[in-house]
file entry_18.pdb (PDB, C-alpha atoms and all ligand atoms)
ATOM      1  CA  MET A 296     -25.891  -1.883 -29.217
ATOM      2  CA  PRO A 297     -26.071  -4.695 -31.808
ATOM      3  CA  LYS A 298     -22.960  -6.728 -32.312
ATOM      4  CA  THR A 299     -21.096  -6.390 -35.556
ATOM      5  CA  PRO A 300     -19.732  -9.609 -37.027
ATOM      6  CA  ILE A 301     -16.027  -9.476 -37.704
ATOM      7  CA  SER A 302     -13.953 -11.494 -40.097
ATOM      8  CA  LYS A 303     -13.231 -15.064 -39.021
ATOM      9  CA  THR A 304      -9.886 -14.851 -40.758
ATOM     10  CA  ALA A 305      -6.705 -13.658 -39.061
ATOM     11  CA  PRO A 306      -6.958 -10.198 -37.522
ATOM     12  CA  ALA A 307      -6.355  -7.427 -40.057
ATOM     13  CA  TRP A 308      -3.783  -5.760 -37.852
ATOM     14  CA  TRP A 309      -1.160  -7.032 -35.466
ATOM     15  CA  PRO A 310       1.495  -5.028 -33.602
ATOM     16  CA  GLN A 311       4.931  -5.181 -35.205
ATOM     17  CA  GLU A 312       6.602  -4.913 -31.810
ATOM     18  CA  GLU A 313       5.838  -6.481 -28.463
ATOM     19  CA  ARG A 314       3.091  -4.415 -26.815
ATOM     20  CA  GLU A 315       2.065  -3.983 -23.211
ATOM     21  CA  ILE A 316      -1.562  -4.978 -22.697
ATOM     22  CA  CYS A 317      -1.992  -4.182 -19.018
ATOM     23  CA  THR A 318      -0.397  -4.567 -15.635
ATOM     24  CA  LEU A 319      -0.739  -7.683 -13.493
ATOM     25  CA  ALA A 320      -2.590  -5.490 -11.002
ATOM     26  CA  ASP A 321      -5.261  -4.988 -13.670
ATOM     27  CA  MET A 322      -5.874  -8.743 -13.652
ATOM     28  CA  PRO A 323      -6.993 -10.091 -10.282
ATOM     29  CA  PRO A 324      -6.847 -13.867  -9.871
ATOM     30  CA  ASP A 325      -9.792 -15.651 -11.499
ATOM     31  CA  ALA A 326     -10.767 -12.714 -13.683
ATOM     32  CA  ALA A 327     -11.237 -12.296 -17.416
ATOM     33  CA  ARG A 328     -11.076  -8.857 -18.999
ATOM     34  CA  GLY A 329     -11.163  -7.345 -22.440
ATOM     35  CA  PHE A 330      -8.484  -5.046 -23.834
ATOM     36  CA  THR A 331      -8.080  -3.163 -27.084
ATOM     37  CA  LEU A 332      -4.721  -2.385 -28.666
ATOM     38  CA  TYR A 333      -4.562   0.372 -31.276
ATOM     39  CA  GLY A 334      -2.258   0.875 -34.215
ATOM     40  CA  ASP A 335      -1.043   4.144 -35.709
ATOM     41  CA  ASP A 336      -3.875   4.342 -38.258
ATOM     42  CA  ASP A 337      -6.814   3.484 -35.992
ATOM     43  CA  GLU A 338      -6.370  -0.242 -36.508
ATOM     44  CA  LYS A 339      -7.378  -2.161 -33.441
ATOM     45  CA  LEU A 340      -7.028  -5.596 -31.969
ATOM     46  CA  GLU A 341      -9.538  -6.854 -29.380
ATOM     47  CA  LEU A 342      -8.156  -9.282 -26.812
ATOM     48  CA  ILE A 343      -9.359 -11.269 -23.805
ATOM     49  CA  ILE A 344      -6.995 -12.004 -20.943
ATOM     50  CA  TRP A 345      -8.015 -14.664 -18.424
ATOM     51  CA  ARG A 346      -6.140 -15.220 -15.181
ATOM     52  CA  ARG A 347      -6.524 -18.298 -13.003
ATOM     53  CA  GLY A 348      -4.317 -18.054  -9.960
ATOM     54  CA  ASP A 349      -0.908 -17.289 -11.420
ATOM     55  CA  ALA A 350      -1.701 -18.712 -14.856
ATOM     56  CA  LEU A 351      -2.567 -16.363 -17.714
ATOM     57  CA  THR A 352      -4.068 -17.069 -21.069
ATOM     58  CA  GLY A 353      -5.107 -14.708 -23.832
ATOM     59  CA  PHE A 354      -7.236 -14.827 -26.963
ATOM     60  CA  VAL A 355      -8.356 -12.722 -29.847
ATOM     61  CA  ASN A 356     -11.862 -11.660 -28.847
ATOM     62  CA  GLN A 357     -13.584 -13.389 -31.720
ATOM     63  CA  CYS A 358     -15.849 -16.397 -31.397
ATOM     64  CA  PRO A 359     -15.082 -19.235 -33.846
ATOM     65  CA  HIS A 360     -18.814 -19.707 -34.430
ATOM     66  CA  MET A 361     -19.691 -16.467 -36.245
ATOM     67  CA  GLY A 362     -16.675 -14.258 -35.589
ATOM     68  CA  LEU A 363     -18.447 -12.092 -33.014
ATOM     69  CA  PRO A 364     -16.834 -10.637 -29.918
ATOM     70  CA  LEU A 365     -17.755 -12.792 -26.920
ATOM     71  CA  GLU A 366     -19.139 -10.211 -24.532
ATOM     72  CA  THR A 367     -22.253  -8.073 -24.526
ATOM     73  CA  PHE A 368     -21.235  -6.060 -21.476
ATOM     74  CA  PRO A 369     -17.657  -4.964 -20.778
ATOM     75  CA  ASP A 370     -15.547  -7.647 -19.107
ATOM     76  CA  ARG A 371     -18.484 -10.075 -18.694
ATOM     77  CA  PHE A 372     -16.786 -13.166 -20.086
ATOM     78  CA  LEU A 373     -16.893 -15.827 -17.378
ATOM     79  CA  SER A 374     -19.530 -18.362 -16.401
ATOM     80  CA  ALA A 375     -21.023 -18.035 -12.920
ATOM     81  CA  ASP A 376     -18.661 -20.704 -11.586
ATOM     82  CA  GLY A 377     -15.672 -19.050 -13.275
ATOM     83  CA  ASP A 378     -14.750 -22.241 -15.127
ATOM     84  CA  ALA A 379     -15.500 -21.135 -18.694
ATOM     85  CA  LEU A 380     -15.507 -18.212 -21.043
ATOM     86  CA  ILE A 381     -18.966 -17.805 -22.532
ATOM     87  CA  CYS A 382     -19.920 -16.249 -25.829
ATOM     88  CA  SER A 383     -22.985 -14.156 -25.125
ATOM     89  CA  ALA A 384     -24.306 -14.486 -28.689
ATOM     90  CA  HIS A 385     -25.196 -18.188 -28.727
ATOM     91  CA  GLY A 386     -23.772 -19.552 -25.490
ATOM     92  CA  ALA A 387     -20.584 -21.284 -26.647
ATOM     93  CA  ARG A 388     -18.378 -22.226 -23.691
ATOM     94  CA  PHE A 389     -14.583 -22.357 -23.762
ATOM     95  CA  HIS A 390     -11.961 -23.985 -21.544
ATOM     96  CA  PHE A 391      -8.898 -22.125 -20.258
ATOM     97  CA  ASP A 392      -6.955 -23.323 -23.310
ATOM     98  CA  GLY A 393      -9.554 -21.798 -25.649
ATOM     99  CA  ALA A 394     -11.194 -25.048 -26.753
ATOM    100  CA  CYS A 395     -14.966 -24.862 -27.161
ATOM    101  CA  PHE A 396     -16.586 -27.715 -25.222
ATOM    102  CA  ASP A 397     -20.223 -26.698 -25.486
ATOM    103  CA  GLY A 398     -22.293 -24.776 -28.010
ATOM    104  CA  PRO A 399     -22.452 -24.315 -31.760
ATOM    105  CA  CYS A 400     -18.662 -24.234 -32.288
ATOM    106  CA  ARG A 401     -17.889 -27.262 -30.100
ATOM    107  CA  GLY A 402     -14.496 -28.682 -31.087
ATOM    108  CA  GLN A 403     -13.204 -25.375 -32.442
ATOM    109  CA  ASN A 404     -10.878 -22.984 -30.644
ATOM    110  CA  LEU A 405     -10.509 -19.362 -29.784
ATOM    111  CA  ARG A 406      -7.407 -17.878 -31.394
ATOM    112  CA  ARG A 407      -4.858 -18.049 -28.574
ATOM    113  CA  VAL A 408      -2.244 -15.309 -28.351
ATOM    114  CA  ALA A 409       1.279 -15.479 -26.944
ATOM    115  CA  LEU A 410       1.636 -13.520 -23.707
ATOM    116  CA  SER A 411       4.538 -12.819 -21.427
ATOM    117  CA  ALA A 412       4.433 -11.403 -17.932
ATOM    118  CA  ARG A 413       7.401  -9.712 -16.351
ATOM    119  CA  ALA A 414       8.040  -6.951 -13.848
ATOM    120  CA  GLY A 415       4.329  -6.618 -13.141
ATOM    121  CA  HIS A 416       3.260  -6.113 -16.748
ATOM    122  CA  ILE A 417       1.588  -8.347 -19.350
ATOM    123  CA  TYR A 418       2.794  -8.166 -22.957
ATOM    124  CA  LEU A 419       1.519  -9.407 -26.283
ATOM    125  CA  SER A 420       4.060 -11.099 -28.527
ATOM    126  CA  THR A 421       4.430 -10.168 -32.188
ATOM    127  CA  GLU A 422       3.791 -13.849 -32.957
ATOM    128  CA  GLN A 423       0.357 -14.131 -34.557
ATOM    129  CA  PRO A 424      -1.834 -17.108 -33.687
TER     130      PRO A 424
HETATM  131  S1  LIG A 501     -21.007 -16.202 -32.216
HETATM  132 FE1  LIG A 501     -20.309 -17.145 -30.370
HETATM  133  S2  LIG A 501     -21.642 -18.814 -30.074
HETATM  134 FE2  LIG A 501     -22.347 -17.879 -31.884
END
call {"tool": "encode", "arguments": {"input": "entry_18.pdb", "output": "structure tokens", "more": "lines below"}}
Ligand code: FES
result
Amino acid sequence: MPKTPISKTAPAWWPQEEREICTLADMPPDAARGFTLYGDDDEKLELIIWRRGDALTGFVNQCPHMGLPLETFPDRFLSADGDALICSAHGARFHFDGACFDGPCRGQNLRRVALSARAGHIYLSTEQP
């Protein structure tokens, strides 16, 4: 399925209340997965959560190069060595903090989201990046 470019501006919809994204059990150490949150009127927000050991980071799933989602296949975000997120469109590579260090958007950043983890669940803050 061809990718559809999405706006490079702020996401059109953001939850008005803290929202659960997944459980910690859904995120094994050293894994990156994609999640979609839905609003009441079919709005949606695509996210990537990346876990390294006990550390978690999350991003809007939108490459700063052309605004495309990073993955071609579900949950295929990481490089073979697990050290970078890779955009499948043009090969941009991103550090754990979301900074692009290789590829056409080098020096730009994924839009990092505020997460909290408690009682075995991972939540998205209402604070927009
Ligand atoms: S859209 Fe991600 S590298 Fe081009």
call {"tool": "atom_distance", "arguments": {"input": "entry_18.pdb", "atom1": "atom CA of A:Ala326", "atom2": "atom CA of A:Asp370"}}
result
8.8 Å
call {"tool": "residues_near_ligand", "arguments": {"input": "entry_18.pdb", "ligand": "ligand LIG 501 (chain A)", "cutoff": "8 Å", "atoms": "all atoms listed in the file", "output": "CSV table (one decimal) with C-alpha atoms, keeping the file's coordinate frame"}}
result
chain,number,residue,atom,x,y,z
A,357,GLN,CA,-13.6,-13.4,-31.7
A,358,CYS,CA,-15.8,-16.4,-31.4
A,359,PRO,CA,-15.1,-19.2,-33.8
A,360,HIS,CA,-18.8,-19.7,-34.4
A,361,MET,CA,-19.7,-16.5,-36.2
A,362,GLY,CA,-16.7,-14.3,-35.6
A,363,LEU,CA,-18.4,-12.1,-33.0
A,364,PRO,CA,-16.8,-10.6,-29.9
A,365,LEU,CA,-17.8,-12.8,-26.9
A,381,ILE,CA,-19.0,-17.8,-22.5
A,382,CYS,CA,-19.9,-16.2,-25.8
A,383,SER,CA,-23.0,-14.2,-25.1
A,384,ALA,CA,-24.3,-14.5,-28.7
A,385,HIS,CA,-25.2,-18.2,-28.7
A,386,GLY,CA,-23.8,-19.6,-25.5
A,387,ALA,CA,-20.6,-21.3,-26.6
A,388,ARG,CA,-18.4,-22.2,-23.7
A,398,GLY,CA,-22.3,-24.8,-28.0
A,399,PRO,CA,-22.5,-24.3,-31.8
A,400,CYS,CA,-18.7,-24.2,-32.3
call {"tool": "resolve_selection", "arguments": {"input": "entry_18.pdb", "expression": "the PyMOL selection byres (((chain A and resi 342-344) around 9) and not hetatm)", "output": "list in words"}}
result
Ile316, Met322, Ala326, Ala327, Arg328, Gly329, Phe330, Thr331, Leu332, Leu340, Glu341, Trp345, Arg346, Leu351, Thr352, Gly353, Phe354, Val355, Asn356, Gln357, Asp370, Phe372 and Val408 of chain A
call {"tool": "closest_residue", "arguments": {"input": "entry_18.pdb", "among": "A:Asp397, A:Glu366, A:Asp336, A:Asp325", "to": "A:Gly348", "atoms": "all atoms listed in the file"}}
result
A:Asp325
call {"tool": "residues_around", "arguments": {"input": "entry_18.pdb", "residues": "A:Ala412", "least_positions_apart": "6", "cutoff": "9 Å", "atoms": "all atoms listed in the file", "output": "list in words"}}
result
Thr318, Leu319, Leu351 and Tyr418 of chain A
call {"tool": "write_last_selection", "arguments": {"input": "entry_18.pdb", "atoms": "C-alpha atoms", "output": "PDB file, in the frame of the given file"}}
result
ATOM      1  CA  THR A 318      -0.397  -4.567 -15.635  1.00  0.00           C
ATOM      2  CA  LEU A 319      -0.739  -7.683 -13.493  1.00  0.00           C
ATOM      3  CA  LEU A 351      -2.567 -16.363 -17.714  1.00  0.00           C
ATOM      4  CA  TYR A 418       2.794  -8.166 -22.957  1.00  0.00           C
TER       5      TYR A 418
END
call {"tool": "atom_distance", "arguments": {"input": "entry_18.pdb", "atom1": "atom CA of A:Glu312", "atom2": "atom CA of A:Asn404"}}
result
25.2 Å
call {"tool": "atom_distance", "arguments": {"input": "entry_18.pdb", "atom1": "atom CA of A:Gly377", "atom2": "atom CA of A:Arg347"}}
result
9.2 Å
call {"tool": "resolve_selection", "arguments": {"input": "entry_18.pdb", "expression": "the PyMOL selection byres (((chain A and resi 419) around 8) and not hetatm)", "output": "list of chain:residue names"}}
result
A:Glu313, A:Arg314, A:Glu315, A:Ile316, A:Val408, A:Ala409, A:Leu410, A:Ser411, A:Ile417, A:Tyr418, A:Ser420, A:Thr421
call {"tool": "write_last_selection", "arguments": {"input": "entry_18.pdb", "atoms": "C-alpha atoms", "output": "PDB file, in the frame of the given file"}}
result
ATOM      1  CA  GLU A 313       5.838  -6.481 -28.463  1.00  0.00           C
ATOM      2  CA  ARG A 314       3.091  -4.415 -26.815  1.00  0.00           C
ATOM      3  CA  GLU A 315       2.065  -3.983 -23.211  1.00  0.00           C
ATOM      4  CA  ILE A 316      -1.562  -4.978 -22.697  1.00  0.00           C
ATOM      5  CA  VAL A 408      -2.244 -15.309 -28.351  1.00  0.00           C
ATOM      6  CA  ALA A 409       1.279 -15.479 -26.944  1.00  0.00           C
ATOM      7  CA  LEU A 410       1.636 -13.520 -23.707  1.00  0.00           C
ATOM      8  CA  SER A 411       4.538 -12.819 -21.427  1.00  0.00           C
ATOM      9  CA  ILE A 417       1.588  -8.347 -19.350  1.00  0.00           C
ATOM     10  CA  TYR A 418       2.794  -8.166 -22.957  1.00  0.00           C
ATOM     11  CA  SER A 420       4.060 -11.099 -28.527  1.00  0.00           C
ATOM     12  CA  THR A 421       4.430 -10.168 -32.188  1.00  0.00           C
TER      13      THR A 421
END
call {"tool": "closest_residue", "arguments": {"input": "entry_18.pdb", "among": "A:Pro310, A:Pro369, A:Glu338, A:Phe391", "to": "A:Ala350", "atoms": "all atoms listed in the file"}}
result
A:Phe391
call {"tool": "residues_around", "arguments": {"input": "entry_18.pdb", "residues": "A:His390", "least_positions_apart": "3", "cutoff": "6 Å", "atoms": "only C-alpha atoms", "output": "PDB file with C-alpha atoms, keeping the file's coordinate frame"}}
result
ATOM      1  CA  ALA A 379     -15.500 -21.135 -18.694  1.00  0.00           C
ATOM      2  CA  GLY A 393      -9.554 -21.798 -25.649  1.00  0.00           C
ATOM      3  CA  ALA A 394     -11.194 -25.048 -26.753  1.00  0.00           C
TER       4      ALA A 394
END
call {"tool": "closest_residue", "arguments": {"input": "entry_18.pdb", "among": "A:Gly402, A:Pro323, A:Gly334, A:Pro306", "to": "A:Pro424", "atoms": "all atoms listed in the file"}}
result
A:Pro306
call {"tool": "closest_residue", "arguments": {"input": "entry_18.pdb", "among": "A:Asp349, A:Asp378, A:Asp337, A:Asp392", "to": "A:Ala320", "atoms": "all atoms listed in the file"}}
result
A:Asp349
call {"tool": "decode", "arguments": {"input": "entry_18.pdb", "residues": "stretch 377-418 of chain A", "atoms": "N, CA and C atoms", "output": "PDB file, in the first residue's frame"}}
result
ATOM      1  N   GLY A 377      19.489  -2.378  16.408  1.00  0.00           N
ATOM      2  CA  GLY A 377      18.591  -1.868  17.441  1.00  0.00           C
ATOM      3  C   GLY A 377      18.949  -0.503  17.967  1.00  0.00           C
ATOM      4  N   ASP A 378      19.927   0.168  17.326  1.00  0.00           N
ATOM      5  CA  ASP A 378      20.414   1.446  17.841  1.00  0.00           C
ATOM      6  C   ASP A 378      19.719   2.664  17.239  1.00  0.00           C
ATOM      7  N   ALA A 379      18.854   2.480  16.265  1.00  0.00           N
ATOM      8  CA  ALA A 379      18.240   3.632  15.603  1.00  0.00           C
ATOM      9  C   ALA A 379      16.855   3.283  15.095  1.00  0.00           C
ATOM     10  N   LEU A 380      15.993   4.294  15.117  1.00  0.00           N
ATOM     11  CA  LEU A 380      14.749   4.198  14.357  1.00  0.00           C
ATOM     12  C   LEU A 380      15.094   4.551  12.921  1.00  0.00           C
ATOM     13  N   ILE A 381      14.478   3.868  11.983  1.00  0.00           N
ATOM     14  CA  ILE A 381      14.742   4.138  10.569  1.00  0.00           C
ATOM     15  C   ILE A 381      13.442   4.475   9.865  1.00  0.00           C
ATOM     16  N   CYS A 382      13.474   5.523   9.072  1.00  0.00           N
ATOM     17  CA  CYS A 382      12.335   5.826   8.212  1.00  0.00           C
ATOM     18  C   CYS A 382      12.489   5.005   6.937  1.00  0.00           C
ATOM     19  N   SER A 383      11.497   4.209   6.648  1.00  0.00           N
ATOM     20  CA  SER A 383      11.604   3.292   5.507  1.00  0.00           C
ATOM     21  C   SER A 383      11.492   4.017   4.166  1.00  0.00           C
ATOM     22  N   ALA A 384      11.024   5.263   4.171  1.00  0.00           N
ATOM     23  CA  ALA A 384      10.847   5.967   2.893  1.00  0.00           C
ATOM     24  C   ALA A 384      12.184   6.339   2.260  1.00  0.00           C
ATOM     25  N   HIS A 385      13.059   6.989   3.009  1.00  0.00           N
ATOM     26  CA  HIS A 385      14.324   7.447   2.433  1.00  0.00           C
ATOM     27  C   HIS A 385      15.508   7.181   3.359  1.00  0.00           C
ATOM     28  N   GLY A 386      15.305   6.351   4.365  1.00  0.00           N
ATOM     29  CA  GLY A 386      16.413   5.869   5.173  1.00  0.00           C
ATOM     30  C   GLY A 386      16.907   6.773   6.278  1.00  0.00           C
ATOM     31  N   ALA A 387      16.170   7.802   6.653  1.00  0.00           N
ATOM     32  CA  ALA A 387      16.614   8.646   7.771  1.00  0.00           C
ATOM     33  C   ALA A 387      16.744   7.789   9.030  1.00  0.00           C
ATOM     34  N   ARG A 388      17.758   8.106   9.843  1.00  0.00           N
ATOM     35  CA  ARG A 388      18.008   7.349  11.068  1.00  0.00           C
ATOM     36  C   ARG A 388      17.957   8.306  12.251  1.00  0.00           C
ATOM     37  N   PHE A 389      17.343   7.823  13.345  1.00  0.00           N
ATOM     38  CA  PHE A 389      17.067   8.674  14.500  1.00  0.00           C
ATOM     39  C   PHE A 389      17.596   8.044  15.773  1.00  0.00           C
ATOM     40  N   HIS A 390      18.219   8.871  16.620  1.00  0.00           N
ATOM     41  CA  HIS A 390      18.661   8.440  17.943  1.00  0.00           C
ATOM     42  C   HIS A 390      17.459   8.240  18.871  1.00  0.00           C
ATOM     43  N   PHE A 391      17.745   7.731  20.057  1.00  0.00           N
ATOM     44  CA  PHE A 391      16.704   7.481  21.065  1.00  0.00           C
ATOM     45  C   PHE A 391      15.990   8.765  21.480  1.00  0.00           C
ATOM     46  N   ASP A 392      16.675   9.899  21.367  1.00  0.00           N
ATOM     47  CA  ASP A 392      16.028  11.177  21.711  1.00  0.00           C
ATOM     48  C   ASP A 392      15.251  11.781  20.529  1.00  0.00           C
ATOM     49  N   GLY A 393      15.236  11.095  19.399  1.00  0.00           N
ATOM     50  CA  GLY A 393      14.471  11.566  18.251  1.00  0.00           C
ATOM     51  C   GLY A 393      15.252  12.407  17.264  1.00  0.00           C
ATOM     52  N   ALA A 394      16.524  12.671  17.542  1.00  0.00           N
ATOM     53  CA  ALA A 394      17.334  13.476  16.632  1.00  0.00           C
ATOM     54  C   ALA A 394      17.754  12.639  15.425  1.00  0.00           C
ATOM     55  N   CYS A 395      17.596  13.210  14.235  1.00  0.00           N
ATOM     56  CA  CYS A 395      18.032  12.528  13.020  1.00  0.00           C
ATOM     57  C   CYS A 395      19.535  12.755  12.865  1.00  0.00           C
ATOM     58  N   PHE A 396      20.285  11.637  12.748  1.00  0.00           N
ATOM     59  CA  PHE A 396      21.740  11.750  12.614  1.00  0.00           C
ATOM     60  C   PHE A 396      22.237  11.288  11.249  1.00  0.00           C
ATOM     61  N   ASP A 397      21.315  10.802  10.428  1.00  0.00           N
ATOM     62  CA  ASP A 397      21.729  10.337   9.103  1.00  0.00           C
ATOM     63  C   ASP A 397      20.511  10.375   8.186  1.00  0.00           C
ATOM     64  N   GLY A 398      20.712  10.841   6.959  1.00  0.00           N
ATOM     65  CA  GLY A 398      19.607  10.862   6.009  1.00  0.00           C
ATOM     66  C   GLY A 398      19.200  12.278   5.642  1.00  0.00           C
ATOM     67  N   PRO A 399      18.126  12.392   4.878  1.00  0.00           N
ATOM     68  CA  PRO A 399      17.766  13.688   4.298  1.00  0.00           C
ATOM     69  C   PRO A 399      17.274  14.726   5.307  1.00  0.00           C
ATOM     70  N   CYS A 400      16.905  14.309   6.516  1.00  0.00           N
ATOM     71  CA  CYS A 400      16.460  15.289   7.520  1.00  0.00           C
ATOM     72  C   CYS A 400      17.454  15.374   8.680  1.00  0.00           C
ATOM     73  N   ARG A 401      18.715  15.068   8.390  1.00  0.00           N
ATOM     74  CA  ARG A 401      19.773  15.147   9.407  1.00  0.00           C
ATOM     75  C   ARG A 401      19.706  16.500  10.107  1.00  0.00           C
ATOM     76  N   GLY A 402      19.776  16.469  11.451  1.00  0.00           N
ATOM     77  CA  GLY A 402      19.712  17.703  12.230  1.00  0.00           C
ATOM     78  C   GLY A 402      18.308  18.080  12.657  1.00  0.00           C
ATOM     79  N   GLN A 403      17.300  17.435  12.088  1.00  0.00           N
ATOM     80  CA  GLN A 403      15.924  17.683  12.530  1.00  0.00           C
ATOM     81  C   GLN A 403      15.521  16.598  13.531  1.00  0.00           C
ATOM     82  N   ASN A 404      14.327  16.725  14.066  1.00  0.00           N
ATOM     83  CA  ASN A 404      13.902  15.820  15.138  1.00  0.00           C
ATOM     84  C   ASN A 404      12.503  15.279  14.903  1.00  0.00           C
ATOM     85  N   LEU A 405      12.326  14.036  15.336  1.00  0.00           N
ATOM     86  CA  LEU A 405      10.960  13.532  15.466  1.00  0.00           C
ATOM     87  C   LEU A 405      10.264  14.338  16.556  1.00  0.00           C
ATOM     88  N   ARG A 406       8.950  14.406  16.488  1.00  0.00           N
ATOM     89  CA  ARG A 406       8.182  15.151  17.485  1.00  0.00           C
ATOM     90  C   ARG A 406       8.014  14.250  18.720  1.00  0.00           C
ATOM     91  N   ARG A 407       8.729  14.570  19.776  1.00  0.00           N
ATOM     92  CA  ARG A 407       8.753  13.714  20.962  1.00  0.00           C
ATOM     93  C   ARG A 407       7.540  13.986  21.836  1.00  0.00           C
ATOM     94  N   VAL A 408       6.920  12.925  22.328  1.00  0.00           N
ATOM     95  CA  VAL A 408       5.727  13.079  23.160  1.00  0.00           C
ATOM     96  C   VAL A 408       6.076  12.786  24.608  1.00  0.00           C
ATOM     97  N   ALA A 409       5.269  13.319  25.514  1.00  0.00           N
ATOM     98  CA  ALA A 409       5.475  13.116  26.949  1.00  0.00           C
ATOM     99  C   ALA A 409       4.735  11.853  27.383  1.00  0.00           C
ATOM    100  N   LEU A 410       5.498  10.912  27.932  1.00  0.00           N
ATOM    101  CA  LEU A 410       4.934   9.643  28.393  1.00  0.00           C
ATOM    102  C   LEU A 410       5.070   9.550  29.896  1.00  0.00           C
ATOM    103  N   SER A 411       4.214   8.751  30.502  1.00  0.00           N
ATOM    104  CA  SER A 411       4.431   8.356  31.887  1.00  0.00           C
ATOM    105  C   SER A 411       4.100   6.880  31.989  1.00  0.00           C
ATOM    106  N   ALA A 412       4.830   6.204  32.847  1.00  0.00           N
ATOM    107  CA  ALA A 412       4.594   4.778  33.069  1.00  0.00           C
ATOM    108  C   ALA A 412       4.327   4.574  34.551  1.00  0.00           C
ATOM    109  N   ARG A 413       3.232   3.932  34.851  1.00  0.00           N
ATOM    110  CA  ARG A 413       2.928   3.625  36.242  1.00  0.00           C
ATOM    111  C   ARG A 413       1.975   2.432  36.287  1.00  0.00           C
ATOM    112  N   ALA A 414       2.164   1.651  37.316  1.00  0.00           N
ATOM    113  CA  ALA A 414       1.316   0.472  37.567  1.00  0.00           C
ATOM    114  C   ALA A 414       1.188  -0.412  36.327  1.00  0.00           C
ATOM    115  N   GLY A 415       2.295  -0.525  35.586  1.00  0.00           N
ATOM    116  CA  GLY A 415       2.308  -1.446  34.448  1.00  0.00           C
ATOM    117  C   GLY A 415       1.664  -0.923  33.182  1.00  0.00           C
ATOM    118  N   HIS A 416       1.360   0.374  33.144  1.00  0.00           N
ATOM    119  CA  HIS A 416       0.732   0.954  31.964  1.00  0.00           C
ATOM    120  C   HIS A 416       1.513   2.186  31.499  1.00  0.00           C
ATOM    121  N   ILE A 417       1.446   2.457  30.200  1.00  0.00           N
ATOM    122  CA  ILE A 417       2.122   3.614  29.609  1.00  0.00           C
ATOM    123  C   ILE A 417       1.059   4.584  29.121  1.00  0.00           C
ATOM    124  N   TYR A 418       1.218   5.866  29.520  1.00  0.00           N
ATOM    125  CA  TYR A 418       0.214   6.887  29.224  1.00  0.00           C
ATOM    126  C   TYR A 418       0.818   8.019  28.403  1.00  0.00           C
TER     127      TYR A 418
END
